Each structure stands twice: as structure tokens, then as C-alpha cells.
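Student: Would you mind keeping the following structure in view while I ask a few things?
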Amino acid sequence: MAMRQTPLTCSGHTRPVVDLAFSGITPYGYFLISACKDGKPMLRQGDTGDWIGTFLGHKGAVWGATLNTDATKAATAAADFTAKVWDAVSGDEVLTLAHKHIVKTVSFTQDSNCLLTGGNDKLLRIYDLSNPEAAPQEIAGHTSAIKKALWCNDDKQILSAAEDKTIRLWDRSSMEEVKTLSFDTSVSSMEYMSDGEILVITYGKTIAFYNALSLELIKTVEAPAPINSASLHPEKDFFVAGGDDFKLYKFDYSTKEELESYKGHFGPVHCVRFSPDGELYASGSEDGTLRLWQTAVGKTYGLWKCVLPGSKSRCRLLHKGRILFYLVRICTVSPVCIYKAEN
């Protein structure tokens, strides 16, 4: 008997969650940051969803958020015309970078020394974080608001997606445009995978995969509903996508076959990302929640525990100063999966 997918729900935000990002794997695990229209980005333990802290300081909706690889720094992009850099360990604000319009996207270089931003003023900006007083480098070319900007090719190039229905590849040293992809509709999301140089793009009901260096098309997959975000598993076996019909879809990357679909959110799914170890994926929604979904349903991982039938249906424990209890889903054939809930 197949296990039922039961996601962990992460509450705390009061408005739609519009962006999320994982750190790399650190000696303390990995971490998850979420951007929300409530203006209060949150940091969580990546494998459990446990809240760690909230970054306070923005005075408008936060549209983008990211962590550096070792989760020591965070960056956020907001409607208050600023991007901010934070100490992700202490939660302290390190820098405020003023812009001329709403900022939508932020991205660290691999060494965390530079920050890339983009937004409604149509410009890409590169800030030297070791010299924050210096004027940023600016790259112009898009004719509408920039929605997403990412470093690629070992930080030698930049990928940007905008409301002008294009994705553009830029050379960092020359600041010149290398190539442009044009679409019939605006791109809703963009994910870059350095392992294999794969670019994952969504627009309309289409999920498209491109070579990130040449921008040559690899394949496209059509989903049952308009898709807002997609993420490819680190091992490239499958990918997940979410969109306007509140569902999460899982597809086989090789065959393009739809493997599963789950409905857990109570609003459109705005963002979805795989964890760095590929054991789970996180989704953020219009309903103001994040949800963590198991890649392999029924596997013991994080707060998901597998026990044999006949074990006690409930147990109690003290976890980080809070009383938690486990809820057991009884299954007569397969092992029982236990899921954490807060008491």
C-alpha cells in the first residue's frame, strides 16, 4: 500500500509567501529562508521547518530572499526600495542598500563578497559587500521590471528574467549581453543548477529546461495548470512544480511522466524548491504558509518517523522548550508514518 504524503506545515507568516531559498549543507544542517508580503522574512531549520528567527527592519513587502552557502549571511529584496544584508546567525542587519524602486531579487556570489539585485527600475546592480560605500556596478538592457537574477558559470555570468518576456545572459567582466531568450508570456520563475549547468524556467503551463551556458533548449513539459515555480531534484531524477490550482506536481525528468500530485495549500503555490540533499522540497503559497514535502514518502527523515504497526499511537517529548506530540497514521499493511504536530 502506498504511503500518503503528509506535509509539515510551517506557520508564522500573515500574508502570501512569495519566495524561498535553502542554504547549502553546513555542520549544523541546512537552513530555509522565506520571503513574504508581510515584510518579515523568516529563517527556519531546513529539515524540520522549526522557526529560528525573523529578520525585522523592512517597511514593505519582501519579494525575494536568499542565504549564502554556509548560512552565515542572508539577503532580502523589498517593496520599501531597499535590499538588506543580514547576519544570519545573530539576525542583525548588516547593510541597507537603497534603490530607486521596488527590489524583487537578490543573489550572493559563491564567496559571499558580492550581491546581485534587480527590480522594478529594470537595472541589475552588483554590490561589493567588502566596500559597501562604493557605487554598485549597473547593467541596463531589460525594458520592464526584473523578476529574478542569478549568478551562473562560477559567477562569471548572470541570468536575469523580466516582465519584458525575456531571459538574458550577461557577461560579468564586460557587462554585456551574451544572449536573449524571448517568450510569448512573462516568465514566472527561474532556477539555476550549477551541477550540469541546467536552467529551469516556468511560463504559463510550461516547465522548460535549458543549458545555462548556451541557453539551448533541452526539453519542455506541459503541466495541467498554470505553473508559478518548478525545481529539479539534485540528482535530476525528477522535478516538482506548483501553480494556480493549489497543487504540487512531481514529474519524471527523463520520461516527462507525471508521477504524483498533492493538494495541501489553500491558495496558489508561488514558490517551490528542493532541499540541498534532495530529501524534501518546500513550497510557499498565497495562504501564508510554507509546507515541507517528503521526496520519498514514508522514509524516516527529519520529523518524519517510521515505526512498525502496533507501536503506541502517541508519545510526548520536550523539544527546544516546547511540548510536542506525534500523531500516528495507522496503516494495516505498510509501516506507520508519524508526523509532528505542535501542542
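Following the order of the C-alpha cells, chains are lettered A, B, ..., residues in each are numbered from 1, and ligands are numbered from 1.
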Would you mind listing what lies within 6 Å of Thr66 in chain A as a PDB file with N, CA, C and O atoms, in the first residue's frame, with only C-alpha atoms counted and same-chain residues fewer than 6 positions away left out?
Tutor:
ATOM      1  N   ALA A  21      14.342  30.005  -0.224  1.00  0.00           N
ATOM      2  CA  ALA A  21      15.652  29.516  -0.655  1.00  0.00           C
ATOM      3  C   ALA A  21      16.281  28.702   0.467  1.00  0.00           C
ATOM      4  O   ALA A  21      16.104  29.014   1.645  1.00  0.00           O
ATOM      5  N   ALA A  74      22.305  36.415   5.082  1.00  0.00           N
ATOM      6  CA  ALA A  74      21.031  36.408   4.369  1.00  0.00           C
ATOM      7  C   ALA A  74      20.891  37.732   3.633  1.00  0.00           C
ATOM      8  O   ALA A  74      21.487  38.744   4.028  1.00  0.00           O
ATOM      9  N   ALA A  75      20.120  37.728   2.563  1.00  0.00           N
ATOM     10  CA  ALA A  75      19.822  38.960   1.842  1.00  0.00           C
ATOM     11  C   ALA A  75      18.346  38.952   1.467  1.00  0.00           C
ATOM     12  O   ALA A  75      17.765  37.896   1.181  1.00  0.00           O
TER      13      ALA A  75
END
Student: For Ala212 in chain A, please output as a PyMOL selection string all residues within 6 Å (counting only C-alpha atoms; exclusion window: fewer than 2 positions along the same chain).
Tutor: chain A and resi 197-199+210+214-215
Student: Excluding Ile52 in chain A and any residue of its chain fewer than 6 positions from it, enumerate the residues within 7 Å of it, using only C-alpha atoms, and give them as a ChimeraX atom specification.
Tutor: /A:43-45
Student: Just to confirm, what's the straight-line distance from CA of Glu222 in chain A to CA of Val18 in chain A in Å (one decimal)?
Tutor: 22.6 Å
Student: Which residues come within 9 Å of Val89 in chain A, counting only C-alpha atoms, excluding same-chain residues fewer than 5 positions away, as a list of chain:residue names?
Tutor: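 So the residues in contact are A:Ala71, A:Thr72, A:Lys73.
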Student: Would you mind exporting all heavy atoms of the selected residues as a compact mmCIF listing (two decimals), in the first residue's frame?
Tutor:
# COMPACT_ATOMS: atom_id res chain seq x y z
N ALA A 71 25.18 29.63 5.19
CA ALA A 71 24.08 30.14 6.02
C ALA A 71 24.55 31.14 7.08
O ALA A 71 23.92 31.27 8.13
CB ALA A 71 23.31 29.00 6.68
N THR A 72 25.62 31.87 6.80
CA THR A 72 26.06 32.90 7.73
C THR A 72 25.51 34.27 7.36
O THR A 72 25.49 35.18 8.19
CB THR A 72 27.60 32.98 7.77
OG1 THR A 72 28.08 33.21 6.43
CG2 THR A 72 28.19 31.69 8.31
N LYS A 73 25.09 34.42 6.10
CA LYS A 73 24.53 35.68 5.63
C LYS A 73 23.19 35.44 4.95
O LYS A 73 22.98 34.40 4.31
CB LYS A 73 25.47 36.38 4.64
CG LYS A 73 26.77 36.87 5.21
CD LYS A 73 27.60 37.56 4.14
CE LYS A 73 28.94 38.04 4.68
NZ LYS A 73 29.77 38.68 3.63
Student: Could you work out how far CA of Asp80 in chain A lies from CA of Ile126 in chain A, giving the answer in Å with one decimal?
Tutor: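 Going from CA of Ile126 in chain A over to CA of Asp80 in chain A, I get 18.9 Å.
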Student: Report the distance between CA of Ala78 in chain A and CA of Lys147 in chain A in Å, rounded to one decimal place.
Tutor: 12.0 Å
Student: Write out as a short mmCIF file (atom, residue, chain, number, x, y, z; two decimals) with N, CA and C atoms, in the first residue's frame which residues come within 8 Å of Ile201 in chain A when counting only C-alpha atoms, dropping same-chain ones fewer than 3 positions away.
Tutor:
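Dumped to around-v4.cif:
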data_model
loop_
_atom_site.label_atom_id
_atom_site.label_comp_id
_atom_site.auth_asym_id
_atom_site.auth_seq_id
_atom_site.Cartn_x
_atom_site.Cartn_y
_atom_site.Cartn_z
N VAL A 187 7.96 35.17 -17.93
CA VAL A 187 8.49 34.03 -17.19
C VAL A 187 8.09 34.17 -15.73
N SER A 188 7.57 33.09 -15.14
CA SER A 188 7.10 33.16 -13.75
C SER A 188 8.16 32.76 -12.74
N SER A 189 9.15 31.95 -13.15
CA SER A 189 10.22 31.57 -12.22
C SER A 189 11.43 31.09 -12.99
N MET A 190 12.56 31.07 -12.27
CA MET A 190 13.82 30.63 -12.87
C MET A 190 14.70 30.04 -11.78
N GLU A 191 15.22 28.84 -12.02
CA GLU A 191 16.12 28.17 -11.09
C GLU A 191 17.36 27.75 -11.85
N ILE A 207 6.96 24.03 -18.26
CA ILE A 207 8.20 23.94 -17.49
C ILE A 207 9.29 23.59 -18.51
N ALA A 208 10.28 24.46 -18.62
CA ALA A 208 11.31 24.30 -19.65
C ALA A 208 12.68 24.18 -19.02
N PHE A 209 13.53 23.36 -19.65
CA PHE A 209 14.89 23.13 -19.19
C PHE A 209 15.87 23.55 -20.29
N TYR A 210 16.82 24.38 -19.91
CA TYR A 210 17.80 24.92 -20.86
C TYR A 210 19.20 24.66 -20.37
N SER A 229 6.21 28.02 -10.32
CA SER A 229 7.57 27.69 -9.90
C SER A 229 7.84 26.22 -10.10
N ALA A 230 9.10 25.89 -10.36
CA ALA A 230 9.49 24.48 -10.51
C ALA A 230 10.91 24.32 -10.00
#
Student: Determine, using only C-alpha atoms, which residues of range 130-198 of chain A have any atom at most 12 Å from an atom of range 93-102 of chain A, and tabulate each with its shortest atom pair and distance in Å to one decimal place, rows ordered by chain and then rising number, as a tab-separated table.
Tutor:
residue	atom	partner	partner_atom	distance
A:Ser130	CA	A:Leu95	CA	10.8
A:Asn131	CA	A:Leu95	CA	10.9
A:Pro132	CA	A:Leu95	CA	7.8
A:Glu133	CA	A:Leu97	CA	9.6
A:Ala134	CA	A:Leu97	CA	11.0
A:Ala135	CA	A:Leu97	CA	10.3
A:Pro136	CA	A:Leu97	CA	9.7
A:Glu138	CA	A:His99	CA	11.6
A:Ala145	CA	A:Ile102	CA	9.1
A:Ile146	CA	A:Ile102	CA	9.9
A:Lys147	CA	A:Ile102	CA	10.5
Student: Could you save the residues just selected, with N, CA, C and O atoms, as a JSON list (two decimals), in the first residue's frame?
Tutor:
[["chain", "number", "residue", "atom", "x", "y", "z"],
["A", 130, "SER", "N", 32.33, 44.07, 0.53],
["A", 130, "SER", "CA", 33.51, 44.45, 1.31],
["A", 130, "SER", "C", 33.76, 45.96, 1.24],
["A", 130, "SER", "O", 34.55, 46.50, 2.02],
["A", 131, "ASN", "N", 33.08, 46.64, 0.32],
["A", 131, "ASN", "CA", 33.20, 48.09, 0.17],
["A", 131, "ASN", "C", 31.81, 48.67, -0.10],
["A", 131, "ASN", "O", 31.52, 49.15, -1.20],
["A", 132, "PRO", "N", 30.92, 48.60, 0.88],
["A", 132, "PRO", "CA", 29.51, 48.97, 0.65],
["A", 132, "PRO", "C", 29.29, 50.44, 0.32],
["A", 132, "PRO", "O", 28.23, 50.79, -0.22],
["A", 133, "GLU", "N", 30.27, 51.29, 0.61],
["A", 133, "GLU", "CA", 30.12, 52.71, 0.28],
["A", 133, "GLU", "C", 30.31, 52.98, -1.20],
["A", 133, "GLU", "O", 29.92, 54.03, -1.71],
["A", 134, "ALA", "N", 30.97, 52.05, -1.89],
["A", 134, "ALA", "CA", 31.22, 52.23, -3.32],
["A", 134, "ALA", "C", 29.92, 52.09, -4.12],
["A", 134, "ALA", "O", 29.03, 51.32, -3.75],
["A", 135, "ALA", "N", 29.83, 52.84, -5.19],
["A", 135, "ALA", "CA", 28.65, 52.75, -6.07],
["A", 135, "ALA", "C", 28.60, 51.37, -6.72],
["A", 135, "ALA", "O", 29.64, 50.83, -7.11],
["A", 136, "PRO", "N", 27.44, 50.78, -6.84],
["A", 136, "PRO", "CA", 27.34, 49.46, -7.47],
["A", 136, "PRO", "C", 27.56, 49.53, -8.97],
["A", 136, "PRO", "O", 27.33, 50.58, -9.61],
["A", 138, "GLU", "N", 26.23, 48.74, -12.58],
["A", 138, "GLU", "CA", 24.86, 48.65, -13.09],
["A", 138, "GLU", "C", 24.86, 48.10, -14.51],
["A", 138, "GLU", "O", 25.71, 48.44, -15.32],
["A", 145, "ALA", "N", 10.25, 45.45, -15.53],
["A", 145, "ALA", "CA", 10.75, 45.07, -14.21],
["A", 145, "ALA", "C", 11.44, 43.71, -14.24],
["A", 145, "ALA", "O", 10.96, 42.76, -14.87],
["A", 146, "ILE", "N", 12.55, 43.60, -13.52],
["A", 146, "ILE", "CA", 13.28, 42.35, -13.39],
["A", 146, "ILE", "C", 12.67, 41.54, -12.24],
["A", 146, "ILE", "O", 12.50, 42.04, -11.14],
["A", 147, "LYS", "N", 12.36, 40.28, -12.52],
["A", 147, "LYS", "CA", 11.72, 39.42, -11.53],
["A", 147, "LYS", "C", 12.71, 38.53, -10.80],
["A", 147, "LYS", "O", 12.54, 38.22, -9.62]]
Student: Using only C-alpha atoms, pick whichever of A:Tyr203, A:Tyr28, A:Phe251, A:Phe246 has the shortest atom-to-atom distance to Gly284 in chain A.
Tutor: A:Phe246
Student: Which of these, A:Lys84, A:Arg168, A:Lys122, A:Lys263, has the shortest distance to Ser283 in chain A once you count only C-alpha atoms?
Tutor: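 Selected residue with least distance to Ser283 in chain A: A:Lys263.
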Student: If we count only C-alpha atoms, what is near Lys156 in chain A at a cut-off of 9 Å, once residues fewer than 6 positions away on the same chain are taken out, given as a PyMOL selection string?
Tutor: chain A and resi 170-173
Student: Now that the selection is made, can you save its residues with all heavy atoms as a PDB file, in the first residue's frame?
Tutor:
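Saved as part-v4.pdb:
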ATOM      1  N   TRP A 170      24.241  37.521 -19.254  1.00  0.00           N
ATOM      2  CA  TRP A 170      25.177  38.641 -19.261  1.00  0.00           C
ATOM      3  C   TRP A 170      26.571  38.162 -18.876  1.00  0.00           C
ATOM      4  O   TRP A 170      26.722  37.267 -18.044  1.00  0.00           O
ATOM      5  CB  TRP A 170      24.750  39.720 -18.267  1.00  0.00           C
ATOM      6  CG  TRP A 170      23.314  40.144 -18.372  1.00  0.00           C
ATOM      7  CD1 TRP A 170      22.235  39.536 -17.791  1.00  0.00           C
ATOM      8  CD2 TRP A 170      22.803  41.265 -19.093  1.00  0.00           C
ATOM      9  NE1 TRP A 170      21.083  40.214 -18.115  1.00  0.00           N
ATOM     10  CE2 TRP A 170      21.389  41.281 -18.905  1.00  0.00           C
ATOM     11  CE3 TRP A 170      23.394  42.268 -19.867  1.00  0.00           C
ATOM     12  CZ2 TRP A 170      20.575  42.251 -19.469  1.00  0.00           C
ATOM     13  CZ3 TRP A 170      22.589  43.241 -20.436  1.00  0.00           C
ATOM     14  CH2 TRP A 170      21.194  43.230 -20.239  1.00  0.00           C
ATOM     15  N   ASP A 171      27.581  38.790 -19.466  1.00  0.00           N
ATOM     16  CA  ASP A 171      28.959  38.541 -19.083  1.00  0.00           C
ATOM     17  C   ASP A 171      29.340  39.518 -17.978  1.00  0.00           C
ATOM     18  O   ASP A 171      29.177  40.734 -18.123  1.00  0.00           O
ATOM     19  CB  ASP A 171      29.892  38.723 -20.285  1.00  0.00           C
ATOM     20  CG  ASP A 171      31.328  38.447 -19.925  1.00  0.00           C
ATOM     21  OD1 ASP A 171      31.701  37.267 -19.850  1.00  0.00           O
ATOM     22  OD2 ASP A 171      32.080  39.428 -19.701  1.00  0.00           O
ATOM     23  N   ARG A 172      29.845  38.993 -16.863  1.00  0.00           N
ATOM     24  CA  ARG A 172      30.132  39.856 -15.718  1.00  0.00           C
ATOM     25  C   ARG A 172      31.283  40.835 -15.990  1.00  0.00           C
ATOM     26  O   ARG A 172      31.224  41.988 -15.581  1.00  0.00           O
ATOM     27  CB  ARG A 172      30.465  39.004 -14.502  1.00  0.00           C
ATOM     28  CG  ARG A 172      30.780  39.836 -13.260  1.00  0.00           C
ATOM     29  CD  ARG A 172      31.180  38.971 -12.091  1.00  0.00           C
ATOM     30  NE  ARG A 172      31.428  39.746 -10.896  1.00  0.00           N
ATOM     31  CZ  ARG A 172      31.787  39.240  -9.732  1.00  0.00           C
ATOM     32  NH1 ARG A 172      31.935  37.920  -9.626  1.00  0.00           N
ATOM     33  NH2 ARG A 172      32.007  40.017  -8.684  1.00  0.00           N
ATOM     34  N   SER A 173      32.331  40.375 -16.649  1.00  0.00           N
ATOM     35  CA  SER A 173      33.503  41.230 -16.841  1.00  0.00           C
ATOM     36  C   SER A 173      33.245  42.367 -17.816  1.00  0.00           C
ATOM     37  O   SER A 173      33.625  43.517 -17.568  1.00  0.00           O
ATOM     38  CB  SER A 173      34.704  40.398 -17.306  1.00  0.00           C
ATOM     39  OG  SER A 173      34.402  39.724 -18.515  1.00  0.00           O
TER      40      SER A 173
END
Student: Identify, with DSSP run on backbone atoms, the residues in range 68-133 of chain A assigned to strand (DSSP E or B), and express the list as a VMD selection string.
Tutor: chain A and resid 73 to 78 82 to 87 93 to 98 103 to 108 114 to 119 124 to 128
Student: Using only C-alpha atoms for the distances, tell me which of A:Pro276, A:Pro41, A:Glu257, A:Asp244 is nearest to Thr69 in chain A.
Tutor: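 Closest to Thr69 in chain A, using only C-alpha atoms: A:Pro276.
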